[in-house]
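Report on the structure given below.
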Amino acid sequence: MNFCSACGQQLEQNAAFCANCGKQPANNPQTNAPHMPHHHLTPTPSAEQPGQSLALASMVLGIVALVVSYTPLSLFLAIPGVVLAAMAKRNGNKSGMGTAGLVCSIIALAIGFSFFVACSSSLACFRPFYFWW
Amino acid sequence: MLPYLEIFGQSFSTYGIIGIAALVIAAATASLRAKKYNLTLSDILLVTTFAGGGIFLGGSLLYALVQLPHLSNIIEHTGGSFGDTLSLLFGGMIFYGGLFGTLLAVAIYAKFMKQDIKNIFRFVIPVFPLAHGIMRLGCFAVGCCYGIEHSTLGLAFTNSPIAPNDTPFIPVQLYESALNFAIFAAIWAYSKKERHPVHLICFYAMPYAIGRFALEFLRGDAQRGSIFGISTSQFISIAVLICCTAALIFTKKRITRS
């Protein structure tokens, strides 16, 4: 059992900081890293990644967009998929789910773009050609 | 030369495929320096997507803006069909619109993701001429942006949906591609050291504007607008040169002050 070096309060097994005075115990391995993000200081290290629901939504949108990438619907799913992945990343999400959502959305976006925006006039597309001035 | 590509029995516009290829190649080249700017894979993917969206939206919007005065002609041509009118109105892109759109989109990205805006610019701008050079090859493939008629230097299109076929035109798209690749080689070496983003933009935009101004005289595609006897792109080229000079002076003053 550990005790706080500042106030003497008894500490829990893996406590990142003292519940009484807030000081970080010197022998806690978690405190060795500088600039600890706030969520790592909470006593429950198994906490979810931030923005996990955004990452999940992005992955779902990305996968559905990939599945329907032969219809124009893919563009309307893939663009929010990319934006949600960006929002998850912005909230500090580093999970593979966010990256998977991003990659799926981008691939669906590229396929949808080639099919429905940059397609030949033989298909029902939005724009027959491009002129790049 | 090759306006459509057959892939799995579907025909795609070569232009669109080359556009995507240009983005991928540019992103892959830029990511050689990803470590230097502390960018992860998802950063690179997001920046590339934003930059691509910026090129597309910026280029298309400026094109539509230039087409607006001819809206009545377009409606007459399409017989009032809303979809056809829209697809003709947004039927092309203007490079300068794409450039401004990319810079804006990348700035919005950096602001939104709370990343260092200068570093993101240092990452993106050097590969922009590379992407532009590859996209011009797409122009050559589909036959847009063609040059004036010339019997010895000219190349004739055979199945272009845009350029008149079997007439030898100067392949000005390839010249412009070469100009962009040359600028890319120079800016890639120049940006090895840490440079101010304004310097990087001007390093690309100024030589390009001069080259573009000259190459416009070789352009033969007639349907583009002109102001005071010079083409819209020549007009923008002059504006870009003036803006770059002003930005360089302003940046120099700010650097010496701080």
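In the structure tokens, each chain is lettered A, B, ... as it comes, each chain's residues begin at 1, and ligands are numbered from 1 in order of appearance.
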
All strand (DSSP E) residues (DSSP, backbone) inside segment 152-256 of chain B, as a PyMOL selection string: chain B and resi 155-156+168-169+226-227+230-231

Near-Pro80 of chain A list (8 Å; only C-alpha atoms; drop same-chain fewer than 4 positions) as a PyMOL selection string: chain A and resi 58+61+76+84

Selected residue of minimal separation from Ala247 of chain B among B:Gln115, B:Leu218, B:Pro207, B:Leu200, counting only C-alpha atoms: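 Distance minimum relative to Ala247 of chain B lands on B:Leu200.
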
Each chain B residue no farther than 6 Å from chain A, nearest pair in Å, only C-alpha atoms, as CSV:
```
residue,atom,partner,partner_atom,distance
B:Phe12,CA,A:Cys119,CA,4.7
B:Ser13,CA,A:Ser120,CA,4.8
B:Gly16,CA,A:Ala118,CA,4.6
B:Ser87,CA,A:Arg127,CA,5.2
B:Gly91,CA,A:Arg127,CA,5.9
B:Gly92,CA,A:Phe131,CA,4.3
B:Met93,CA,A:Trp132,CA,4.9
B:Ile94,CA,A:Trp133,CA,4.7
B:Phe95,CA,A:Trp133,CA,5.8
B:Met113,CA,A:Arg90,CA,5.2
B:Cys144,CA,A:Phe131,CA,5.7
```

Distance query segment 43-50 of chain B at most 7 Å, only C-alpha atoms, self and fewer than 5 positions along chain excluded, as JSON, numbers by chain: {"B": [27, 105, 106, 109]}

All helix (DSSP H, G or I) residues (DSSP, backbone) inside segment 23-241 of chain B, as a ChimeraX atom specification: /B:23-33,41-78,82-89,95-112,117-142,172-190,197-216,232-241

Atomic separation - atom CA of Tyr204 of chain B relative to atom CA of Ala110 of chain B, Å: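 Between atom CA of Ala110 of chain B and atom CA of Tyr204 of chain B the gap is 21.0 Å.
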
Between atom CA of Ala51 of chain B and atom CA of Leu104 of chain B, distance in Å (one decimal):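 Computing it gives 8.7 Å between the two atoms.
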
For Leu56 of chain A, the nearest of the candidates A:Ser95, A:Gln10, A:Ser74, A:Ser69, counting only C-alpha atoms: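 Closest to Leu56 of chain A of all the choices is A:Ser95.
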
12 Å contact set for Asn73 of chain B, only C-alpha atoms, chain neighbours under 6 positions out, as number ranges by chain: B: 67, 79-80, 85, 88-89

At a cut-off of 8 Å, using only C-alpha atoms, what residues contact Leu66 of chain A? Leave out same-chain residues fewer than 6 positions from it and give the result as a PDB file with N, CA, C and O atoms, in the first residue's frame.
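selection38.pdb written:
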```pdb
ATOM      1  N   SER A  74     -22.684   6.540 -52.758  1.00  0.00           N
ATOM      2  CA  SER A  74     -21.383   6.410 -52.102  1.00  0.00           C
ATOM      3  C   SER A  74     -20.776   7.776 -51.785  1.00  0.00           C
ATOM      4  O   SER A  74     -20.166   7.966 -50.740  1.00  0.00           O
ATOM      5  N   CYS A 104     -11.492   3.609 -45.676  1.00  0.00           N
ATOM      6  CA  CYS A 104     -12.664   3.114 -46.424  1.00  0.00           C
ATOM      7  C   CYS A 104     -13.374   4.266 -47.124  1.00  0.00           C
ATOM      8  O   CYS A 104     -13.740   4.174 -48.299  1.00  0.00           O
ATOM      9  N   SER A 105     -13.577   5.377 -46.393  1.00  0.00           N
ATOM     10  CA  SER A 105     -14.292   6.518 -46.976  1.00  0.00           C
ATOM     11  C   SER A 105     -13.539   7.081 -48.172  1.00  0.00           C
ATOM     12  O   SER A 105     -14.146   7.426 -49.185  1.00  0.00           O
ATOM     13  N   ILE A 107     -11.349   5.559 -50.157  1.00  0.00           N
ATOM     14  CA  ILE A 107     -11.399   4.639 -51.312  1.00  0.00           C
ATOM     15  C   ILE A 107     -12.777   4.739 -51.977  1.00  0.00           C
ATOM     16  O   ILE A 107     -12.882   4.834 -53.210  1.00  0.00           O
ATOM     17  N   ALA A 108     -13.855   4.760 -51.146  1.00  0.00           N
ATOM     18  CA  ALA A 108     -15.203   4.873 -51.708  1.00  0.00           C
ATOM     19  C   ALA A 108     -15.374   6.190 -52.451  1.00  0.00           C
ATOM     20  O   ALA A 108     -16.002   6.252 -53.506  1.00  0.00           O
TER      21      ALA A 108
END
```

Pick from B:Leu39, B:Ala209, B:Leu65, B:Cys139 nearest to Ile120 of chain B, counting only C-alpha atoms: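 Smallest separation from Ile120 of chain B among the options: B:Leu39.
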